[in-house]
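What follows is a single structure, written as structure tokens, with notes after it.
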Amino acid sequence: MRVGVLKETYPGERRVALVPAALSSLVRIGADIIVERGAGTSAGFLDRDYEEKGAKLVDRAGIFAGADVILQVRSYGANQDAGAADLEHLSSKHYVIGAADPLGEAEAQQKLAATGATSFALELIPRITRAQSMDVLSSMATIAGYKAVLIAANSLPKMFPMMMTAAGTLTPARVFVIGCGVAGLQACATAKRLGAVVEAYDVRPAVKEQVQSVGAKFIELDLDTAEAEDAGGYAKEQGEDFLRRQREQMGKVVAENDVIITTAAIPGRQSPVLVTAEMVRGMKPGSVIVDLASERGGNCEGTVHGQTVETDGVVIIGPENIPSSIPNHASQMFARNTATFLAALVEDGEISLNMDDEVVTETLVTRNSEVVHPRVREILGLTPSPASIGSD
């Protein structure tokens, strides 16, 4: 089995799917590694670092010609414009592993399927105990939650911690985190370490203890949240009446804080609007909102993805691809997830797909020239189960 690592082509993407330190775990399962020249340079991993770990350096064409397995941070779907050039080089011999945005860009998966390649979308890793070490969403959310606080601190016209100085006492900044998944909890912890007074809210009451464990205060609203969490541990999409009442009660909390960090996203859906224009108008001038859900429309009514805008004296930031801004550690985490996932697919040095394994079935998107993932097929309006899904 030969594993190829491509240099990312998405604009501004600085991560790499496999770092030199992760090569040894794949060599142990019988893999030969080939790496496109310069693949890790932007993340701080030089070509010689890969060579020292036993990888062979090739050009991009050499990856497609020589690799059975192709590892990417952004495979086609998550990189449609620049990634389109790779489609003609894919064939039925290839296994493509990367983040593919299959629920948001389902039609792109049909184009990928047409190449004959078997593809896996790492965003779809099930949230089960044995798959935690493969969970790229959680890894990248950790990066995003940490960096969101730094972005806010850099934009806020205040310091975060309370300080007692000869010029008087400076009160601490107040930070409110909306959505307490991995990104939200990391944002709470980081803001607390910087000295802020931190509050947090999540529609799932079960996360209260986790919020308190990182030093934040959990805000409870008078809402029925009995069915707010799905089987995968994610917040479920709520109806407009629930969201309206939620916004009404949350408005006062928002107005009392200097920084709002929003993280509420529904996989494959538009992000729910939780912070309205009216709520923004109620905030103090100079306040900052960092909207981590901006890629899907944002949790704040005034968010523009990839831009910083000012509305009624409030700075609203819709950051783009935060993990790429910390590419070294983001790549290390992504590589660990990727290598662990690939190792789970290998038996006796070859890819062997166990269709009774939910890690396989939940992430497998294309196979035998068809889209096979049930949720993606539903989005595309296809029949539930293609005959070609098969088993190895």
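Ordering of the structure tokens sets the chain letters (A, B, ...), residue numbers begin anew at 1 in every chain, and ligands are numbered from 1 in the order given.
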
Taking a cut-off of 9 Å and counting only C-alpha atoms, can you build a table that, for each residue of region 219-319 of chain A near region 136-148 of chain A, reports the nearest atom pair and how far apart they are in Å (one decimal), sorted by chain then residue number, as a tab-separated table?
residue	atom	partner	partner_atom	distance
A:Ile261	CA	A:Ala148	CA	7.3
A:Thr263	CA	A:Gly145	CA	8.3
A:Val290	CA	A:Ala148	CA	6.5
A:Asp291	CA	A:Ala148	CA	8.4
A:Leu292	CA	A:Ala144	CA	7.5
A:Pro319	CA	A:Ala148	CA	8.4

- Message: For the structure I just gave you, how does DSSP split region 28-197 of chain A - specifically, which residues are helix (DSSP H, G or I)? Reply as a PyMOL selection string.
- Response: chain A and resi 41-43+47-52+60-66+80-87+106-114+122-124+129-134+136-155+182-193

Quick one: write out the picked residues with C-alpha atoms as a PDB file, in the first residue's frame?
ATOM      1  CA  THR A  41       6.477  23.867   4.185  1.00  0.00           C
ATOM      2  CA  SER A  42       3.729  26.357   5.091  1.00  0.00           C
ATOM      3  CA  ALA A  43       3.112  24.461   8.332  1.00  0.00           C
ATOM      4  CA  ASP A  47      10.895  18.250   2.700  1.00  0.00           C
ATOM      5  CA  ARG A  48      14.010  16.920   4.420  1.00  0.00           C
ATOM      6  CA  ASP A  49      11.950  16.252   7.574  1.00  0.00           C
ATOM      7  CA  TYR A  50       9.803  13.845   5.572  1.00  0.00           C
ATOM      8  CA  GLU A  51      12.818  12.252   3.896  1.00  0.00           C
ATOM      9  CA  GLU A  52      14.461  11.650   7.262  1.00  0.00           C
ATOM     10  CA  ARG A  60       1.951  16.212  -7.875  1.00  0.00           C
ATOM     11  CA  ALA A  61       1.583  13.939 -10.877  1.00  0.00           C
ATOM     12  CA  GLY A  62       3.713  11.383  -9.072  1.00  0.00           C
ATOM     13  CA  ILE A  63       1.232  11.275  -6.199  1.00  0.00           C
ATOM     14  CA  PHE A  64      -1.679  10.353  -8.449  1.00  0.00           C
ATOM     15  CA  ALA A  65       0.397   7.900 -10.477  1.00  0.00           C
ATOM     16  CA  GLY A  66       2.003   6.142  -7.545  1.00  0.00           C
ATOM     17  CA  GLN A  80     -13.990  22.814  -5.516  1.00  0.00           C
ATOM     18  CA  ASP A  81     -12.336  25.562  -7.553  1.00  0.00           C
ATOM     19  CA  ALA A  82      -8.666  24.641  -7.234  1.00  0.00           C
ATOM     20  CA  GLY A  83      -9.446  20.983  -6.569  1.00  0.00           C
ATOM     21  CA  ALA A  84     -11.265  20.491  -9.856  1.00  0.00           C
ATOM     22  CA  ALA A  85      -7.920  20.104 -11.631  1.00  0.00           C
ATOM     23  CA  ASP A  86      -7.254  16.917  -9.649  1.00  0.00           C
ATOM     24  CA  LEU A  87     -10.410  15.089 -10.699  1.00  0.00           C
ATOM     25  CA  ALA A 106     -23.399  17.183  -2.009  1.00  0.00           C
ATOM     26  CA  GLU A 107     -23.349  17.787  -5.769  1.00  0.00           C
ATOM     27  CA  ALA A 108     -19.549  17.915  -5.700  1.00  0.00           C
ATOM     28  CA  GLN A 109     -19.576  14.356  -4.377  1.00  0.00           C
ATOM     29  CA  GLN A 110     -21.261  13.206  -7.592  1.00  0.00           C
ATOM     30  CA  LYS A 111     -18.357  14.614  -9.602  1.00  0.00           C
ATOM     31  CA  LEU A 112     -15.919  12.868  -7.276  1.00  0.00           C
ATOM     32  CA  ALA A 113     -17.867   9.619  -7.590  1.00  0.00           C
ATOM     33  CA  ALA A 114     -17.678   9.838 -11.385  1.00  0.00           C
ATOM     34  CA  LEU A 122     -13.447  12.946   7.842  1.00  0.00           C
ATOM     35  CA  GLU A 123     -16.070  15.427   9.088  1.00  0.00           C
ATOM     36  CA  LEU A 124     -18.487  12.499   9.322  1.00  0.00           C
ATOM     37  CA  THR A 129     -15.467   6.532  22.147  1.00  0.00           C
ATOM     38  CA  ARG A 130     -13.137   4.522  19.923  1.00  0.00           C
ATOM     39  CA  ALA A 131     -13.293   7.170  17.185  1.00  0.00           C
ATOM     40  CA  GLN A 132     -12.274  10.114  19.371  1.00  0.00           C
ATOM     41  CA  SER A 133      -8.679   9.931  18.159  1.00  0.00           C
ATOM     42  CA  MET A 134      -9.950  10.245  14.559  1.00  0.00           C
ATOM     43  CA  VAL A 136     -10.940  16.051  12.969  1.00  0.00           C
ATOM     44  CA  LEU A 137     -13.909  18.299  13.777  1.00  0.00           C
ATOM     45  CA  SER A 138     -13.074  18.241  17.468  1.00  0.00           C
ATOM     46  CA  SER A 139      -9.373  18.768  16.803  1.00  0.00           C
ATOM     47  CA  MET A 140      -9.946  21.766  14.564  1.00  0.00           C
ATOM     48  CA  ALA A 141     -12.636  23.134  16.879  1.00  0.00           C
ATOM     49  CA  THR A 142     -10.062  23.163  19.679  1.00  0.00           C
ATOM     50  CA  ILE A 143      -7.857  25.392  17.527  1.00  0.00           C
ATOM     51  CA  ALA A 144     -10.781  27.616  16.550  1.00  0.00           C
ATOM     52  CA  GLY A 145     -12.025  28.141  20.109  1.00  0.00           C
ATOM     53  CA  TYR A 146      -8.554  29.077  21.330  1.00  0.00           C
ATOM     54  CA  LYS A 147      -7.805  31.459  18.470  1.00  0.00           C
ATOM     55  CA  ALA A 148     -11.246  33.110  18.607  1.00  0.00           C
ATOM     56  CA  VAL A 149     -10.450  34.467  22.045  1.00  0.00           C
ATOM     57  CA  LEU A 150      -7.114  35.847  20.855  1.00  0.00           C
ATOM     58  CA  ILE A 151      -8.841  37.506  17.898  1.00  0.00           C
ATOM     59  CA  ALA A 152     -11.358  39.088  20.260  1.00  0.00           C
ATOM     60  CA  ALA A 153      -8.680  40.215  22.703  1.00  0.00           C
ATOM     61  CA  ASN A 154      -6.747  41.832  19.875  1.00  0.00           C
ATOM     62  CA  SER A 155      -9.819  43.783  18.722  1.00  0.00           C
ATOM     63  CA  VAL A 182     -15.401  21.644  21.783  1.00  0.00           C
ATOM     64  CA  ALA A 183     -14.808  25.126  20.336  1.00  0.00           C
ATOM     65  CA  GLY A 184     -16.978  26.813  22.927  1.00  0.00           C
ATOM     66  CA  LEU A 185     -15.396  25.050  25.885  1.00  0.00           C
ATOM     67  CA  GLN A 186     -11.927  25.868  24.588  1.00  0.00           C
ATOM     68  CA  ALA A 187     -12.987  29.507  24.175  1.00  0.00           C
ATOM     69  CA  CYS A 188     -14.263  29.542  27.763  1.00  0.00           C
ATOM     70  CA  ALA A 189     -11.033  28.068  29.092  1.00  0.00           C
ATOM     71  CA  THR A 190      -8.824  30.431  27.071  1.00  0.00           C
ATOM     72  CA  ALA A 191     -10.795  33.547  28.034  1.00  0.00           C
ATOM     73  CA  LYS A 192     -10.667  32.488  31.684  1.00  0.00           C
ATOM     74  CA  ARG A 193      -6.885  31.988  31.497  1.00  0.00           C
TER      75      ARG A 193
END

Need the shell around region 157-164 of chain A: protein/DNA/RNA residues with any atom at most 8 Å away, counting only C-alpha atoms. Skip same-chain ones fewer than 4 positions apart. Format as a PDB file with N, CA and C atoms, in the first residue's frame?
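New file result30.pdb:
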ATOM      1  N   ALA A 153      -9.538  39.420  21.819  1.00  0.00           N
ATOM      2  CA  ALA A 153      -8.680  40.215  22.703  1.00  0.00           C
ATOM      3  C   ALA A 153      -7.894  41.259  21.922  1.00  0.00           C
ATOM      4  N   GLY A 168      -5.109  53.131  39.226  1.00  0.00           N
ATOM      5  CA  GLY A 168      -6.438  52.654  39.589  1.00  0.00           C
ATOM      6  C   GLY A 168      -6.674  51.219  39.176  1.00  0.00           C
ATOM      7  N   THR A 169      -7.822  50.713  39.532  1.00  0.00           N
ATOM      8  CA  THR A 169      -8.173  49.321  39.232  1.00  0.00           C
ATOM      9  C   THR A 169      -8.895  49.227  37.891  1.00  0.00           C
ATOM     10  N   LEU A 170      -8.426  48.308  37.055  1.00  0.00           N
ATOM     11  CA  LEU A 170      -9.068  48.059  35.775  1.00  0.00           C
ATOM     12  C   LEU A 170      -9.968  46.839  35.914  1.00  0.00           C
ATOM     13  N   THR A 171     -11.226  46.995  35.569  1.00  0.00           N
ATOM     14  CA  THR A 171     -12.162  45.879  35.697  1.00  0.00           C
ATOM     15  C   THR A 171     -11.926  44.861  34.584  1.00  0.00           C
ATOM     16  N   PRO A 172     -12.173  43.598  34.858  1.00  0.00           N
ATOM     17  CA  PRO A 172     -11.934  42.575  33.823  1.00  0.00           C
ATOM     18  C   PRO A 172     -12.965  42.655  32.705  1.00  0.00           C
ATOM     19  N   ALA A 173     -12.573  42.211  31.534  1.00  0.00           N
ATOM     20  CA  ALA A 173     -13.510  42.104  30.415  1.00  0.00           C
ATOM     21  C   ALA A 173     -14.498  40.983  30.692  1.00  0.00           C
ATOM     22  N   ARG A 174     -15.680  41.123  30.118  1.00  0.00           N
ATOM     23  CA  ARG A 174     -16.715  40.104  30.266  1.00  0.00           C
ATOM     24  C   ARG A 174     -16.909  39.405  28.917  1.00  0.00           C
ATOM     25  N   ALA A 191     -10.401  32.235  27.517  1.00  0.00           N
ATOM     26  CA  ALA A 191     -10.795  33.547  28.034  1.00  0.00           C
ATOM     27  C   ALA A 191     -10.586  33.616  29.541  1.00  0.00           C
ATOM     28  N   LEU A 194      -6.997  34.134  30.377  1.00  0.00           N
ATOM     29  CA  LEU A 194      -6.575  35.509  30.121  1.00  0.00           C
ATOM     30  C   LEU A 194      -7.122  36.489  31.152  1.00  0.00           C
ATOM     31  N   GLY A 195      -7.974  35.998  32.040  1.00  0.00           N
ATOM     32  CA  GLY A 195      -8.429  36.827  33.148  1.00  0.00           C
ATOM     33  C   GLY A 195      -9.815  37.410  33.005  1.00  0.00           C
ATOM     34  N   ALA A 196     -10.557  37.029  31.981  1.00  0.00           N
ATOM     35  CA  ALA A 196     -11.900  37.565  31.777  1.00  0.00           C
ATOM     36  C   ALA A 196     -12.909  36.906  32.715  1.00  0.00           C
ATOM     37  N   GLY A 286     -17.601  49.514  21.042  1.00  0.00           N
ATOM     38  CA  GLY A 286     -16.289  48.903  21.256  1.00  0.00           C
ATOM     39  C   GLY A 286     -16.355  47.420  21.543  1.00  0.00           C
TER      40      GLY A 286
END

- Task: Rank A:Thr262, A:Asn257, A:Ser369, A:Gln332 by their smallest atom-to-atom distance to Asp202 (chain A), using only C-alpha atoms, and report the top residue only.
- Result: A:Thr262

- Of the candidates A:Glu88, A:Glu370, A:Glu301, A:Asp258, which one gets nearest to Met279 (chain A) if we count only C-alpha atoms?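 Looking at the shortest contact to Met279 (chain A), the residue is A:Glu301.
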
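The residue that comes closest to Leu90 (chain A), out of A:Gly302, A:Pro323, A:Gly116, A:Gly297 and on the basis of only C-alpha atoms, is A:Gly116.
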
- Item | Residues flagged strand (DSSP E or B) by DSSP in region 156-305 of chain A, as an MDAnalysis selection string | chainID A and resid 163:165 168:170 174:178 197:201 217:218 229 235 259:262 275 288:291 300

- Message: If we count only C-alpha atoms and set the cut-off at 12 Å, which residues sit around Asn79 (chain A), ignoring sequence neighbours fewer than 6 positions away in its own chain? Please answer as a PyMOL selection string.
- Response: chain A and resi 8-13+72-73+85-87+98-102+105+108-109+112

Using only C-alpha atoms, please write the residues we just selected to a file, as a CSV table (one decimal), in the first residue's frame.
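Output below, filename again26.csv:
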chain,number,residue,atom,x,y,z
A,8,GLU,CA,-3.0,21.8,-0.4
A,9,THR,CA,-4.3,24.0,-3.2
A,10,TYR,CA,-7.2,25.8,-1.4
A,11,PRO,CA,-6.4,29.6,-1.2
A,12,GLY,CA,-4.7,30.4,2.1
A,13,GLU,CA,-4.6,26.8,3.3
A,72,GLN,CA,-5.6,15.8,1.9
A,73,VAL,CA,-6.8,18.3,4.4
A,85,ALA,CA,-7.9,20.1,-11.6
A,86,ASP,CA,-7.3,16.9,-9.6
A,87,LEU,CA,-10.4,15.1,-10.7
A,98,GLY,CA,-9.9,14.3,3.7
A,99,ALA,CA,-12.4,16.9,4.7
A,100,ALA,CA,-14.9,17.1,1.8
A,101,ASP,CA,-18.0,19.0,3.1
A,102,PRO,CA,-20.3,16.3,1.8
A,105,GLU,CA,-21.6,20.4,-1.1
A,108,ALA,CA,-19.5,17.9,-5.7
A,109,GLN,CA,-19.6,14.4,-4.4
A,112,LEU,CA,-15.9,12.9,-7.3

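Proximity to Ala339 (chain A) at 7 Å, evaluated using only C-alpha atoms and with sequence-adjacent residues fewer than 3 positions away removed, yields Ala22, Leu26, Ala335, Arg336, Leu342 and Ala343 of chain A.
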
Since we have the selection now, will you write its residues out, keeping N, CA and C atoms, as a compact mmCIF listing (two decimals), in the first residue's frame?
# COMPACT_ATOMS: atom_id res chain seq x y z
N ALA A 22 4.12 11.55 12.11
CA ALA A 22 3.04 10.56 11.98
C ALA A 22 3.38 9.45 11.01
N LEU A 26 2.21 4.76 10.19
CA LEU A 26 1.73 4.18 8.94
C LEU A 26 2.72 3.16 8.38
N ALA A 335 -3.08 15.30 11.42
CA ALA A 335 -2.32 14.12 11.00
C ALA A 335 -2.56 12.94 11.94
N ARG A 336 -2.64 13.21 13.22
CA ARG A 336 -2.92 12.13 14.18
C ARG A 336 -4.29 11.52 13.89
N LEU A 342 -6.84 5.96 8.98
CA LEU A 342 -6.33 5.08 7.93
C LEU A 342 -5.92 3.73 8.49
N ALA A 343 -5.28 3.73 9.65
CA ALA A 343 -4.86 2.47 10.26
C ALA A 343 -6.05 1.57 10.54

Spatial neighbours of Arg367 (chain A), max dist 9 Å, only C-alpha atoms, sep filter under 2 positions, as a compact mmCIF listing (two decimals) with N, CA and C atoms, in the first residue's frame:
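Result file is around01.txt:
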# COMPACT_ATOMS: atom_id res chain seq x y z
N SER A 92 -10.40 4.53 -10.19
CA SER A 92 -10.96 3.52 -9.29
C SER A 92 -9.90 2.90 -8.38
N ALA A 113 -17.47 11.01 -7.35
CA ALA A 113 -17.87 9.62 -7.59
C ALA A 113 -17.62 9.22 -9.04
N GLY A 116 -14.55 7.33 -10.12
CA GLY A 116 -14.37 5.95 -9.70
C GLY A 116 -13.68 5.80 -8.36
N ALA A 117 -13.15 6.92 -7.84
CA ALA A 117 -12.41 6.85 -6.57
C ALA A 117 -13.34 6.54 -5.40
N THR A 118 -12.80 5.82 -4.43
CA THR A 118 -13.48 5.60 -3.15
C THR A 118 -13.06 6.72 -2.22
N SER A 119 -14.04 7.45 -1.66
CA SER A 119 -13.68 8.61 -0.85
C SER A 119 -14.33 8.57 0.52
N LEU A 364 -17.81 6.82 4.61
CA LEU A 364 -17.69 6.45 3.20
C LEU A 364 -18.73 7.22 2.38
N VAL A 365 -18.25 8.02 1.44
CA VAL A 365 -19.15 8.88 0.65
C VAL A 365 -19.30 8.38 -0.77
N SER A 369 -18.10 4.38 -8.34
CA SER A 369 -18.66 5.44 -9.20
C SER A 369 -20.03 5.93 -8.75
N GLU A 370 -20.38 5.69 -7.50
CA GLU A 370 -21.65 6.19 -6.98
C GLU A 370 -21.45 6.88 -5.64
N VAL A 371 -22.34 7.82 -5.34
CA VAL A 371 -22.44 8.36 -3.99
C VAL A 371 -23.18 7.32 -3.16
N VAL A 372 -22.57 6.87 -2.06
CA VAL A 372 -23.17 5.78 -1.29
C VAL A 372 -23.62 6.21 0.11
N SER A 388 -24.42 -0.78 -5.34
CA SER A 388 -22.96 -0.94 -5.50
C SER A 388 -22.17 -0.75 -4.22
N ILE A 389 -22.85 -0.51 -3.09
CA ILE A 389 -22.07 -0.22 -1.88
C ILE A 389 -21.23 -1.42 -1.49
N GLY A 390 -21.75 -2.62 -1.58
CA GLY A 390 -20.95 -3.84 -1.41
C GLY A 390 -20.21 -3.94 -0.11

- Residue neighbourhood region 35-40 of chain A, 10 Å, only C-alpha atoms, exclusion window fewer than 4 positions, as a PyMOL selection string: chain A and resi 3-9+14-20+44-51+55-63+67+70-71+327-328+331

Could you please take those selected residues and save C-alpha atoms as a short mmCIF file (atom, residue, chain, number, x, y, z; two decimals), in the first residue's frame?
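Output (out02.cif):
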data_model
loop_
_atom_site.label_atom_id
_atom_site.label_comp_id
_atom_site.auth_asym_id
_atom_site.auth_seq_id
_atom_site.Cartn_x
_atom_site.Cartn_y
_atom_site.Cartn_z
CA VAL A 3 0.09 6.51 0.74
CA GLY A 4 0.40 9.88 -0.98
CA VAL A 5 0.28 13.28 0.73
CA LEU A 6 -0.77 16.20 -1.46
CA LYS A 7 0.14 19.85 -1.08
CA GLU A 8 -3.02 21.80 -0.37
CA THR A 9 -4.30 24.04 -3.17
CA ARG A 14 -1.37 26.22 5.17
CA ARG A 15 -2.06 22.88 6.83
CA VAL A 16 -0.81 19.50 5.64
CA ALA A 17 -2.63 16.18 6.05
CA LEU A 18 0.35 14.21 7.38
CA VAL A 19 3.32 15.47 9.39
CA PRO A 20 6.71 13.71 9.54
CA GLY A 44 6.80 24.39 9.25
CA PHE A 45 7.60 20.86 8.03
CA LEU A 46 10.40 20.78 5.47
CA ASP A 47 10.90 18.25 2.70
CA ARG A 48 14.01 16.92 4.42
CA ASP A 49 11.95 16.25 7.57
CA TYR A 50 9.80 13.85 5.57
CA GLU A 51 12.82 12.25 3.90
CA ALA A 55 9.16 9.30 2.79
CA LYS A 56 9.92 9.72 -0.89
CA LEU A 57 9.40 13.18 -2.43
CA VAL A 58 7.61 13.41 -5.79
CA ASP A 59 5.75 15.99 -7.86
CA ARG A 60 1.95 16.21 -7.87
CA ALA A 61 1.58 13.94 -10.88
CA GLY A 62 3.71 11.38 -9.07
CA ILE A 63 1.23 11.27 -6.20
CA ALA A 67 -0.38 6.34 -4.58
CA ILE A 70 -4.42 10.03 -1.13
CA LEU A 71 -4.46 12.15 2.02
CA PRO A 327 -0.88 25.48 10.80
CA ASN A 328 1.85 23.68 12.72
CA SER A 331 -1.46 19.86 11.11
#

- Item | Residue with smallest distance to Phe341 (chain A) - pool A:Val360, A:Ile322, A:Ile128, A:Leu274, counting only C-alpha atoms | A:Val360

- Query: Expressed in Å to a single decimal, how great is the separation between CA of Asp348 (chain A) and CA of Asp68 (chain A)?
  - Reply: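 If I compute the distance from CA of Asp348 (chain A) to CA of Asp68 (chain A), I get 15.1 Å.
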